[in-house]
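Novice: My file is work.tsv. It has TSV, C-alpha atoms and all ligand atoms:
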```
chain	number	residue	atom	x	y	z
A	28	MET	CA	-79.91	-82.18	73.63
A	29	VAL	CA	-82.42	-83.65	76.08
A	30	ILE	CA	-82.50	-87.30	77.16
A	31	VAL	CA	-85.83	-88.54	78.52
A	32	MET	CA	-85.24	-91.55	80.80
A	33	LYS	CA	-87.96	-94.16	81.27
A	34	ALA	CA	-89.79	-94.27	84.63
A	35	LYS	CA	-88.12	-97.59	85.38
A	36	ALA	CA	-84.64	-96.24	84.68
A	37	THR	CA	-82.21	-97.28	87.37
A	38	ARG	CA	-79.87	-94.92	89.20
A	39	GLN	CA	-77.03	-97.07	87.92
A	40	THR	CA	-77.92	-96.44	84.24
A	41	ILE	CA	-78.48	-92.71	84.79
A	42	ASN	CA	-75.06	-92.49	86.44
A	43	LYS	CA	-73.46	-94.52	83.65
A	44	ILE	CA	-74.87	-92.23	80.93
A	45	THR	CA	-73.99	-89.11	82.93
A	46	LYS	CA	-70.39	-90.28	83.43
A	47	ARG	CA	-70.03	-91.08	79.73
A	48	LEU	CA	-71.24	-87.60	78.79
A	49	GLU	CA	-69.15	-85.82	81.42
A	50	ASP	CA	-66.08	-87.61	80.07
A	51	MET	CA	-66.88	-85.83	76.79
A	52	SER	CA	-66.95	-82.44	78.62
A	53	ILE	CA	-70.74	-82.24	78.50
A	54	THR	CA	-72.54	-80.95	81.59
A	55	VAL	CA	-75.60	-82.96	82.56
A	56	HIS	CA	-78.52	-81.36	84.44
A	57	GLU	CA	-80.82	-83.95	85.93
A	58	THR	CA	-84.51	-83.37	86.66
A	59	ILE	CA	-86.31	-86.20	88.44
A	60	GLY	CA	-90.03	-86.47	87.72
A	61	SER	CA	-92.61	-88.99	88.96
A	62	ASN	CA	-92.97	-90.56	85.50
A	63	TYR	CA	-89.78	-89.66	83.71
A	64	SER	CA	-86.36	-88.26	84.52
A	65	ILE	CA	-84.90	-85.71	82.18
A	66	LEU	CA	-81.21	-85.20	81.47
A	67	GLY	CA	-80.52	-81.78	79.98
A	68	LEU	CA	-77.17	-81.69	78.16
A	69	ILE	CA	-75.14	-78.49	77.93
A	70	GLY	CA	-72.02	-78.31	75.78
A	71	ASP	CA	-71.00	-79.39	72.31
A	72	THR	CA	-73.36	-82.24	71.49
A	73	THR	CA	-72.68	-82.28	67.76
A	74	MET	CA	-70.62	-85.46	67.97
A	75	LEU	CA	-73.28	-87.37	69.93
A	76	SER	CA	-75.44	-89.91	68.14
A	77	LYS	CA	-79.14	-89.65	69.00
A	78	GLU	CA	-79.69	-93.22	67.81
A	79	GLN	CA	-76.84	-94.55	69.93
A	80	LEU	CA	-78.19	-92.90	73.09
A	81	GLU	CA	-81.68	-94.18	72.29
A	82	SER	CA	-80.33	-97.71	72.17
A	83	TYR	CA	-79.97	-97.72	75.98
A	84	ASP	CA	-82.87	-99.78	77.33
A	85	ASP	CA	-83.72	-97.16	79.95
A	86	VAL	CA	-83.85	-94.24	77.53
A	87	GLU	CA	-87.35	-93.28	76.34
A	88	LYS	CA	-86.22	-90.80	73.69
A	89	VAL	CA	-83.59	-88.24	72.82
A	90	ILE	CA	-84.49	-84.79	71.52
A	91	ARG	CA	-81.95	-82.75	69.62
A	92	VAL	CA	-82.22	-79.06	70.42
A	93	GLN	CA	-79.09	-77.97	68.57
A	94	HIS	CA	-78.39	-78.63	64.89
A	95	PRO	CA	-75.61	-81.16	64.27
A	96	PHE	CA	-73.71	-78.71	62.06
A	97	LYS	CA	-71.46	-76.09	63.65
A	98	LEU	CA	-69.37	-74.22	61.10
A	99	ALA	CA	-72.37	-73.75	58.79
A	100	ASN	CA	-74.60	-72.76	61.72
A	101	ARG	CA	-75.81	-69.17	62.04
A	102	LEU	CA	-75.82	-69.57	65.80
A	103	PHE	CA	-72.03	-69.53	65.86
A	104	HIS	CA	-71.61	-67.11	62.94
A	105	PRO	CA	-74.46	-64.60	62.98
A	106	GLU	CA	-73.35	-62.45	60.05
A	107	ASP	CA	-73.97	-63.53	56.44
A	108	THR	CA	-71.00	-65.07	54.67
A	109	VAL	CA	-70.08	-63.23	51.50
A	110	VAL	CA	-67.95	-65.29	49.11
A	111	LYS	CA	-65.53	-63.39	46.93
A	112	VAL	CA	-65.15	-64.68	43.38
A	113	GLY	CA	-62.73	-62.62	41.27
A	114	ASP	CA	-64.13	-59.10	41.21
A	115	THR	CA	-67.61	-60.22	42.15
A	116	THR	CA	-69.25	-61.65	45.27
A	117	VAL	CA	-71.97	-64.10	46.22
A	118	GLY	CA	-74.06	-63.36	49.30
A	119	GLY	CA	-74.76	-60.22	51.31
A	120	ASP	CA	-76.77	-57.49	49.63
A	121	THR	CA	-76.12	-58.40	46.01
A	122	VAL	CA	-77.94	-60.73	43.63
A	123	THR	CA	-75.48	-62.79	41.61
A	124	VAL	CA	-76.46	-64.50	38.39
A	125	MET	CA	-74.36	-67.40	37.09
A	126	ALA	CA	-75.36	-68.34	33.56
A	127	GLY	CA	-74.09	-70.33	30.62
A	128	PRO	CA	-74.45	-73.63	28.85
A	129	CYS	CA	-75.04	-76.90	30.63
A	130	SER	CA	-71.99	-78.28	28.83
A	131	VAL	CA	-69.12	-76.68	27.01
A	132	GLU	CA	-69.39	-77.92	23.41
A	133	THR	CA	-67.22	-75.78	21.14
A	134	GLU	CA	-65.07	-72.66	21.40
A	135	GLU	CA	-67.54	-70.55	19.39
A	136	GLN	CA	-70.47	-71.80	21.44
A	137	VAL	CA	-69.02	-71.04	24.87
A	138	ILE	CA	-67.49	-67.69	23.93
A	139	GLN	CA	-70.66	-66.50	22.21
A	140	ILE	CA	-72.84	-67.52	25.16
A	141	ALA	CA	-70.37	-65.97	27.61
A	142	MET	CA	-70.58	-62.66	25.76
A	143	ASP	CA	-74.39	-62.84	25.61
A	144	VAL	CA	-74.87	-63.62	29.30
A	145	LYS	CA	-72.37	-60.96	30.31
A	146	GLU	CA	-74.15	-58.39	28.19
A	147	ALA	CA	-77.42	-59.29	29.92
A	148	GLY	CA	-75.93	-58.81	33.39
A	149	ALA	CA	-74.61	-62.22	34.52
A	150	THR	CA	-71.38	-61.92	36.47
A	151	ILE	CA	-70.29	-65.57	36.53
A	152	LEU	CA	-70.13	-68.01	33.60
A	153	ARG	CA	-71.28	-71.57	34.18
A	154	GLY	CA	-70.26	-74.49	31.98
A	155	GLY	CA	-69.73	-78.18	32.50
A	156	ALA	CA	-66.58	-79.88	31.24
A	157	PHE	CA	-67.06	-83.08	33.22
A	158	LYS	CA	-70.70	-84.12	33.08
A	159	PRO	CA	-72.46	-86.42	35.54
A	160	ARG	CA	-74.82	-88.22	33.14
A	161	SER	CA	-77.47	-90.79	33.99
A	162	SER	CA	-76.47	-92.83	30.96
A	163	PRO	CA	-72.93	-93.89	30.10
A	164	TYR	CA	-73.93	-93.43	26.43
A	165	SER	CA	-74.79	-89.74	26.84
A	166	PHE	CA	-72.32	-86.92	26.16
A	167	GLN	CA	-69.86	-86.95	29.06
A	168	GLY	CA	-68.33	-83.52	28.52
A	169	LEU	CA	-65.09	-82.43	26.84
A	170	GLY	CA	-63.00	-82.92	29.98
A	171	GLU	CA	-59.86	-80.78	30.19
A	172	GLU	CA	-60.46	-79.46	26.68
A	173	GLY	CA	-63.74	-78.03	28.00
A	174	LEU	CA	-61.92	-76.33	30.87
A	175	LYS	CA	-59.48	-74.78	28.38
A	176	LEU	CA	-62.41	-73.42	26.36
A	177	LEU	CA	-63.93	-71.98	29.53
A	178	LYS	CA	-60.62	-70.26	30.19
A	179	LYS	CA	-60.76	-68.72	26.73
A	180	ALA	CA	-64.31	-67.52	27.40
A	181	LYS	CA	-63.08	-65.99	30.65
A	182	GLU	CA	-60.25	-64.23	28.82
A	183	ALA	CA	-62.72	-62.93	26.23
A	184	THR	CA	-65.26	-61.63	28.74
A	185	GLY	CA	-63.56	-61.30	32.12
A	186	LEU	CA	-66.27	-63.49	33.67
A	187	PRO	CA	-65.10	-65.86	36.41
A	188	ILE	CA	-66.16	-69.44	35.81
A	189	VAL	CA	-67.93	-72.17	37.73
A	190	SER	CA	-67.50	-75.76	36.60
A	191	GLU	CA	-68.25	-79.13	38.12
A	192	ALA	CA	-65.78	-81.62	39.56
A	193	ILE	CA	-67.31	-85.08	39.47
A	194	CYS	CA	-64.55	-87.15	41.06
A	195	LEU	CA	-61.41	-87.16	43.16
A	196	ASP	CA	-59.21	-87.70	40.11
A	197	THR	CA	-60.18	-84.45	38.44
A	198	ILE	CA	-61.01	-81.99	41.23
A	199	GLU	CA	-57.50	-80.53	41.24
A	200	LEU	CA	-57.63	-80.07	37.49
A	201	VAL	CA	-60.97	-78.27	37.77
A	202	ALA	CA	-59.51	-76.13	40.57
A	203	GLU	CA	-56.69	-75.02	38.23
A	204	TYR	CA	-59.15	-73.53	35.74
A	205	ALA	CA	-62.36	-72.71	37.60
A	206	ASP	CA	-62.96	-69.83	39.99
A	207	ILE	CA	-65.70	-71.84	41.72
A	208	ILE	CA	-65.73	-75.63	41.89
A	209	GLN	CA	-69.22	-77.07	41.62
A	210	ILE	CA	-70.15	-80.22	43.49
A	211	GLY	CA	-73.31	-81.46	41.85
A	212	ALA	CA	-76.49	-82.94	43.24
A	213	ARG	CA	-75.36	-86.47	42.46
A	214	ASN	CA	-72.20	-86.04	44.50
A	215	MET	CA	-73.60	-84.13	47.47
A	216	GLN	CA	-72.82	-87.01	49.79
A	217	ASN	CA	-69.60	-88.13	48.14
A	218	PHE	CA	-67.73	-87.62	51.39
A	219	ALA	CA	-64.27	-88.23	49.93
A	220	LEU	CA	-64.93	-85.53	47.32
A	221	LEU	CA	-66.30	-83.16	49.96
A	222	LYS	CA	-63.18	-83.65	52.09
A	223	LYS	CA	-60.95	-82.94	49.11
A	224	ALA	CA	-63.02	-79.84	48.30
A	225	GLY	CA	-62.39	-78.74	51.87
A	226	LEU	CA	-58.66	-78.73	51.16
A	227	THR	CA	-58.85	-76.63	47.99
A	228	LYS	CA	-58.50	-72.88	48.04
A	229	LYS	CA	-61.38	-72.22	45.63
A	230	PRO	CA	-64.99	-71.44	46.61
A	231	ILE	CA	-67.30	-74.45	46.36
A	232	LEU	CA	-70.82	-74.37	44.91
A	233	LEU	CA	-72.60	-77.20	46.68
A	234	LYS	CA	-75.82	-78.33	45.04
A	235	ARG	CA	-78.54	-79.98	47.08
A	236	GLY	CA	-78.68	-83.76	46.61
A	237	LEU	CA	-81.56	-85.34	44.68
A	238	SER	CA	-83.36	-86.44	47.83
A	239	ALA	CA	-81.39	-84.64	50.50
A	240	THR	CA	-82.93	-83.02	53.54
A	241	ILE	CA	-81.77	-79.54	54.39
A	242	GLU	CA	-79.88	-80.95	57.37
A	243	GLU	CA	-78.05	-83.51	55.20
A	244	TRP	CA	-77.16	-80.73	52.78
A	245	LEU	CA	-75.77	-78.54	55.54
A	246	MET	CA	-73.83	-81.50	56.93
A	247	ALA	CA	-72.27	-81.87	53.47
A	248	ALA	CA	-71.30	-78.18	53.65
A	249	GLU	CA	-69.90	-78.89	57.12
A	250	TYR	CA	-67.56	-81.52	55.62
A	251	ILE	CA	-66.09	-78.92	53.27
A	252	MET	CA	-65.81	-76.29	55.98
A	253	ALA	CA	-64.31	-78.72	58.49
A	254	GLY	CA	-61.49	-79.27	55.99
A	255	GLY	CA	-60.65	-75.56	56.16
A	256	ASN	CA	-62.56	-74.16	53.18
A	257	LYS	CA	-65.18	-71.74	54.50
A	258	ASP	CA	-66.22	-70.40	51.08
A	259	VAL	CA	-69.28	-72.52	50.45
A	260	ILE	CA	-72.22	-71.38	48.32
A	261	LEU	CA	-75.37	-73.51	48.51
A	262	CYS	CA	-77.54	-74.14	45.46
A	263	GLU	CA	-81.14	-75.35	45.66
A	264	ARG	CA	-81.86	-77.23	42.40
A	265	GLY	CA	-85.02	-79.12	43.15
A	266	ILE	CA	-85.57	-82.41	44.90
A	267	ARG	CA	-87.27	-85.69	43.98
A	268	THR	CA	-90.94	-85.88	44.89
A	269	TYR	CA	-93.88	-87.86	43.54
A	270	GLU	CA	-94.57	-85.04	41.06
A	271	THR	CA	-93.47	-85.88	37.54
A	272	TYR	CA	-94.66	-82.85	35.60
A	273	THR	CA	-91.39	-81.10	36.36
A	274	ARG	CA	-87.99	-82.78	36.35
A	275	ASN	CA	-87.65	-82.10	40.09
A	276	THR	CA	-89.68	-80.11	42.59
A	277	LEU	CA	-88.13	-76.75	43.38
A	278	ASP	CA	-88.12	-76.36	47.15
A	279	LEU	CA	-88.26	-72.59	47.48
A	280	SER	CA	-88.94	-72.93	51.20
A	281	ALA	CA	-85.33	-74.10	51.54
A	282	VAL	CA	-84.21	-70.52	50.93
A	283	PRO	CA	-85.74	-68.90	54.03
A	284	VAL	CA	-84.92	-72.00	56.07
A	285	ILE	CA	-81.24	-71.79	55.10
A	286	LYS	CA	-81.26	-68.05	55.76
A	287	GLU	CA	-82.54	-68.69	59.26
A	288	ILE	CA	-80.27	-71.52	60.31
A	289	SER	CA	-77.13	-70.90	58.27
A	290	HIS	CA	-74.99	-67.94	57.29
A	291	LEU	CA	-73.95	-69.41	53.94
A	292	PRO	CA	-75.18	-67.80	50.73
A	293	ILE	CA	-77.83	-69.69	48.79
A	294	ILE	CA	-78.66	-69.46	45.10
A	295	VAL	CA	-81.38	-71.23	43.12
A	296	ASP	CA	-81.09	-73.21	39.86
A	297	PRO	CA	-84.56	-73.16	38.24
A	298	SER	CA	-83.21	-74.90	35.12
A	299	HIS	CA	-82.38	-78.24	36.74
A	300	ALA	CA	-85.29	-77.84	39.14
A	301	THR	CA	-87.90	-77.85	36.40
A	302	GLY	CA	-86.24	-79.23	33.28
A	303	LYS	CA	-88.42	-76.83	31.28
A	304	TRP	CA	-87.19	-73.52	29.91
A	305	LYS	CA	-90.66	-71.97	30.15
A	306	MET	CA	-90.61	-72.33	33.93
A	307	VAL	CA	-87.22	-70.73	34.43
A	308	SER	CA	-88.50	-67.16	34.36
A	309	PRO	CA	-91.35	-67.44	36.91
A	310	LEU	CA	-89.25	-69.52	39.28
A	311	SER	CA	-86.29	-67.16	39.03
A	312	LYS	CA	-88.62	-64.39	40.16
A	313	GLY	CA	-89.95	-66.58	42.94
A	314	ALA	CA	-86.43	-67.43	44.09
A	315	LEU	CA	-85.43	-63.81	44.43
A	316	ALA	CA	-88.74	-62.96	46.09
A	317	VAL	CA	-88.02	-65.47	48.87
A	318	GLY	CA	-84.54	-64.08	49.45
A	319	ALA	CA	-82.11	-66.11	47.32
A	320	ASP	CA	-78.68	-64.54	46.87
A	321	GLY	CA	-78.66	-65.36	43.21
A	322	LEU	CA	-79.51	-67.71	40.39
A	323	MET	CA	-77.83	-70.32	38.23
A	324	ILE	CA	-79.46	-70.39	34.80
A	325	GLU	CA	-78.68	-72.50	31.76
A	326	VAL	CA	-78.40	-70.54	28.53
A	327	HIS	CA	-77.74	-72.05	25.10
A	328	ASN	CA	-77.57	-70.42	21.67
A	329	ASP	CA	-79.07	-73.52	20.00
A	330	PRO	CA	-81.05	-75.40	22.66
A	331	ILE	CA	-82.62	-77.85	20.21
A	332	ASN	CA	-79.19	-79.19	19.30
A	333	ALA	CA	-77.58	-78.88	22.75
A	334	LEU	CA	-75.60	-81.95	23.79
A	335	CYS	CA	-77.16	-81.87	27.26
A	336	ASP	CA	-80.21	-80.28	28.89
A	337	GLY	CA	-81.39	-78.24	25.88
A	338	GLY	CA	-85.00	-78.42	27.04
A	339	GLN	CA	-84.27	-76.43	30.16
A	340	SER	CA	-81.96	-73.88	28.52
A	341	LEU	CA	-82.99	-70.33	27.69
A	342	LYS	CA	-81.99	-68.74	24.42
A	343	PRO	CA	-79.83	-65.64	25.00
A	344	SER	CA	-82.69	-63.32	23.98
A	345	LYS	CA	-85.03	-64.91	26.54
A	346	PHE	CA	-82.32	-64.75	29.19
A	347	LYS	CA	-81.85	-61.05	28.49
A	348	LYS	CA	-85.60	-60.47	28.79
A	349	LEU	CA	-85.62	-62.25	32.14
A	350	MET	CA	-82.69	-60.16	33.37
A	351	GLU	CA	-84.61	-57.04	32.34
A	352	GLU	CA	-87.67	-58.21	34.22
A	353	LEU	CA	-85.55	-58.92	37.28
A	354	GLY	CA	-84.14	-55.41	37.09
A	355	ILE	CA	-80.60	-56.74	36.64
A	356	TYR	CA	-80.20	-55.73	32.98
A	357	MET	CA	-80.82	-52.07	32.36
A	358	ASN	CA	-81.20	-50.72	28.83
B	1	LIG	O1	-76.24	-80.98	33.78
B	1	LIG	C1	-76.25	-81.87	34.54
B	1	LIG	C2	-76.53	-83.23	34.30
B	1	LIG	O2	-75.44	-83.80	33.71
B	1	LIG	C3	-77.73	-83.24	33.48
B	1	LIG	O3	-78.79	-82.71	34.19
B	1	LIG	C4	-77.93	-84.50	32.76
B	1	LIG	O4	-78.82	-85.35	33.28
B	1	LIG	P1	-79.12	-86.68	32.47
B	1	LIG	O5	-77.80	-87.34	32.24
B	1	LIG	O6	-80.03	-87.45	33.32
B	1	LIG	O7	-79.70	-86.25	31.17
B	2	LIG	C1	-75.19	-81.34	36.84
B	2	LIG	C2	-75.69	-80.16	37.15
B	2	LIG	O1	-76.67	-79.95	38.02
B	2	LIG	P1	-77.23	-80.89	39.18
B	2	LIG	O2	-76.04	-81.39	39.93
B	2	LIG	O3	-78.07	-79.94	39.96
B	2	LIG	O4	-78.02	-81.95	38.53
B	2	LIG	C3	-75.19	-78.94	36.51
B	2	LIG	O5	-75.46	-77.84	37.02
B	2	LIG	O6	-74.51	-79.05	35.50
```
Once more with this new file: its structure as structure tokens, please.
Specialist:
Amino acid sequence: MVIVMKAKATRQTINKITKRLEDMSITVHETIGSNYSILGLIGDTTMLSKEQLESYDDVEKVIRVQHPFKLANRLFHPEDTVVKVGDTTVGGDTVTVMAGPCSVETEEQVIQIAMDVKEAGATILRGGAFKPRSSPYSFQGLGEEGLKLLKKAKEATGLPIVSEAICLDTIELVAEYADIIQIGARNMQNFALLKKAGLTKKPILLKRGLSATIEEWLMAAEYIMAGGNKDVILCERGIRTYETYTRNTLDLSAVPVIKEISHLPIIVDPSHATGKWKMVSPLSKGALAVGADGLMIEVHNDPINALCDGGQSLKPSKFKKLMEELGIYMN
């Protein structure tokens, strides 16, 4: 971090700021110029507030050199994190596909889809039991019954499962059944939920918030990791922009950015990003082309009658075709 002091800054203020920082074990290197004085800070500046330092009258501006996240930062953890999920992994050299219905609806539905996606090459089954819906009148998910059905689908196929926890009251229940706990876009900055996720022993799939910057997203990951849970998988699922043709705007540039500044695995969800099943295939290809570690794709055997997100769900046959095109399903 660099603090640029105004030309009129007094020695007394510079000393006051320096003392405050040194008390926090930060070394301050001072460079006196004719117009400005510069304070170069060496040490752990993650807990410093840029805005707070800028509120000193004599401070011109503060420039952050280091990212505010530590545990998620590639600087302190150069090698890629590979998250183990049952017999499969997310991150490293493999491409992992998580697929399944938006919501668990019936036993036949989830088991049939689980078998179909497994046959096509998916290695993790997705399915929502607790649904974060925009409207209180929309289908809210089957709750624990949905988790039990996911367990049956896992027993039938061997696929580990990922399912969303939407609140503090149910995260432990989800953790009992799911192999990966999903924290959805709408809860990305639910700090109490993130802290609780940090205490669980299950990997966490952390979706990017509706309007979150990459830094805010990584700070959310930092919350989970700071609690002791280092198994975080990031999921880019589109962000809000002025564009309305698609449900959200898929930010594929987030993938190489995350790869550069973080060691955490990142997958892409083209279903929620676009809201349109026809766009899932091209964007899945794009996601892998830019280096994503995997995909999360919604698949439904009867999209027209799906209780949630049918318009963005692929039929099993279309999913299989996509997996062939991606080179994941081999005849
Ligand atoms: O699947 C996740 C959400 O619950 C889903 O996208 C529903 O969004 P909506 O409630 O706005 O339809
Ligand atoms: C709710 C979901 O997605 P998102 O949080 O990305 O909207 C989901 O994957 O079921």
Novice: Tell me, in Å to one decimal, how far CA of Ser52 (chain A) is from CA of His94 (chain A).
Specialist: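 Atom-to-atom, CA of Ser52 (chain A) and CA of His94 (chain A) are spaced 18.3 Å apart.
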Novice: Neighbours of Lys312 (chain A) within 10 Å (all atoms listed in the file; same-chain residues fewer than 2 positions away dropped), as a ChimeraX atom specification?
Specialist: /A:297,307-310,314-317,319,322,349-350,352-353
Novice: Can you pull out every residue with an atom within 7 Å of ligand LIG 1 (chain B)? Use only C-alpha atoms and all ligand atoms and format it as a list in words.
Specialist: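 Here is the list of contacting residues: Cys129, Lys158, Pro159, Arg160, Ser161, Ser162, Ser165, His299, Cys335 and Asp336 of chain A.
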Novice: Would you list the residues that come within 10 Å of ligand LIG 2 (chain B)? Count only C-alpha atoms and all ligand atoms and give the answer as an NGL selection string.
Specialist: :A and (127-130 or 153-161 or 189-193 or 209-215 or 232-237 or 262-266 or 275 or 295-300 or 323-325 or 335-336)
Novice: Write the selection just made, keeping C-alpha atoms, as a tab-separated table (two decimals), keeping the file's coordinate frame?
Specialist:
```
chain	number	residue	atom	x	y	z
A	127	GLY	CA	-74.09	-70.33	30.62
A	128	PRO	CA	-74.45	-73.63	28.85
A	129	CYS	CA	-75.04	-76.90	30.63
A	130	SER	CA	-71.99	-78.28	28.83
A	153	ARG	CA	-71.28	-71.57	34.18
A	154	GLY	CA	-70.26	-74.49	31.98
A	155	GLY	CA	-69.73	-78.18	32.50
A	156	ALA	CA	-66.58	-79.88	31.24
A	157	PHE	CA	-67.06	-83.08	33.22
A	158	LYS	CA	-70.70	-84.12	33.08
A	159	PRO	CA	-72.46	-86.42	35.54
A	160	ARG	CA	-74.82	-88.22	33.14
A	161	SER	CA	-77.47	-90.79	33.99
A	189	VAL	CA	-67.93	-72.17	37.73
A	190	SER	CA	-67.50	-75.76	36.60
A	191	GLU	CA	-68.25	-79.13	38.12
A	192	ALA	CA	-65.78	-81.62	39.56
A	193	ILE	CA	-67.31	-85.08	39.47
A	209	GLN	CA	-69.22	-77.07	41.62
A	210	ILE	CA	-70.15	-80.22	43.49
A	211	GLY	CA	-73.31	-81.46	41.85
A	212	ALA	CA	-76.49	-82.94	43.24
A	213	ARG	CA	-75.36	-86.47	42.46
A	214	ASN	CA	-72.20	-86.04	44.50
A	215	MET	CA	-73.60	-84.13	47.47
A	232	LEU	CA	-70.82	-74.37	44.91
A	233	LEU	CA	-72.60	-77.20	46.68
A	234	LYS	CA	-75.82	-78.33	45.04
A	235	ARG	CA	-78.54	-79.98	47.08
A	236	GLY	CA	-78.68	-83.76	46.61
A	237	LEU	CA	-81.56	-85.34	44.68
A	262	CYS	CA	-77.54	-74.14	45.46
A	263	GLU	CA	-81.14	-75.35	45.66
A	264	ARG	CA	-81.86	-77.23	42.40
A	265	GLY	CA	-85.02	-79.12	43.15
A	266	ILE	CA	-85.57	-82.41	44.90
A	275	ASN	CA	-87.65	-82.10	40.09
A	295	VAL	CA	-81.38	-71.23	43.12
A	296	ASP	CA	-81.09	-73.21	39.86
A	297	PRO	CA	-84.56	-73.16	38.24
A	298	SER	CA	-83.21	-74.90	35.12
A	299	HIS	CA	-82.38	-78.24	36.74
A	300	ALA	CA	-85.29	-77.84	39.14
A	323	MET	CA	-77.83	-70.32	38.23
A	324	ILE	CA	-79.46	-70.39	34.80
A	325	GLU	CA	-78.68	-72.50	31.76
A	335	CYS	CA	-77.16	-81.87	27.26
A	336	ASP	CA	-80.21	-80.28	28.89
```
Novice: I want to know what sits within 12 Å of Asp114 (chain A), based on all atoms listed in the file, with residues of the same chain fewer than 2 positions away left out; could you give that as an MDAnalysis selection string?
Specialist: chainID A and resid 110:112 116:117 123 150:151 185:188 206
Novice: Rounded to one decimal, what separation in Å do you get between CA of Ile260 (chain A) and CA of Leu174 (chain A)?
Specialist: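 Pair CA of Ile260 (chain A) / CA of Leu174 (chain A) returns 20.9 Å.
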Novice: From the list A:Leu291, A:Phe103, A:His327, A:Gly337, which residue is nearest Gly118 (chain A) when using only C-alpha atoms?
Specialist: A:Leu291
Novice: Between A:Leu177, A:Val55, A:Ala224, A:Ile44, which residue has the minimum interatomic distance to Ile198 (chain A), considering all atoms listed in the file?
Specialist: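 Closest to Ile198 (chain A), using all atoms listed in the file: A:Ala224.
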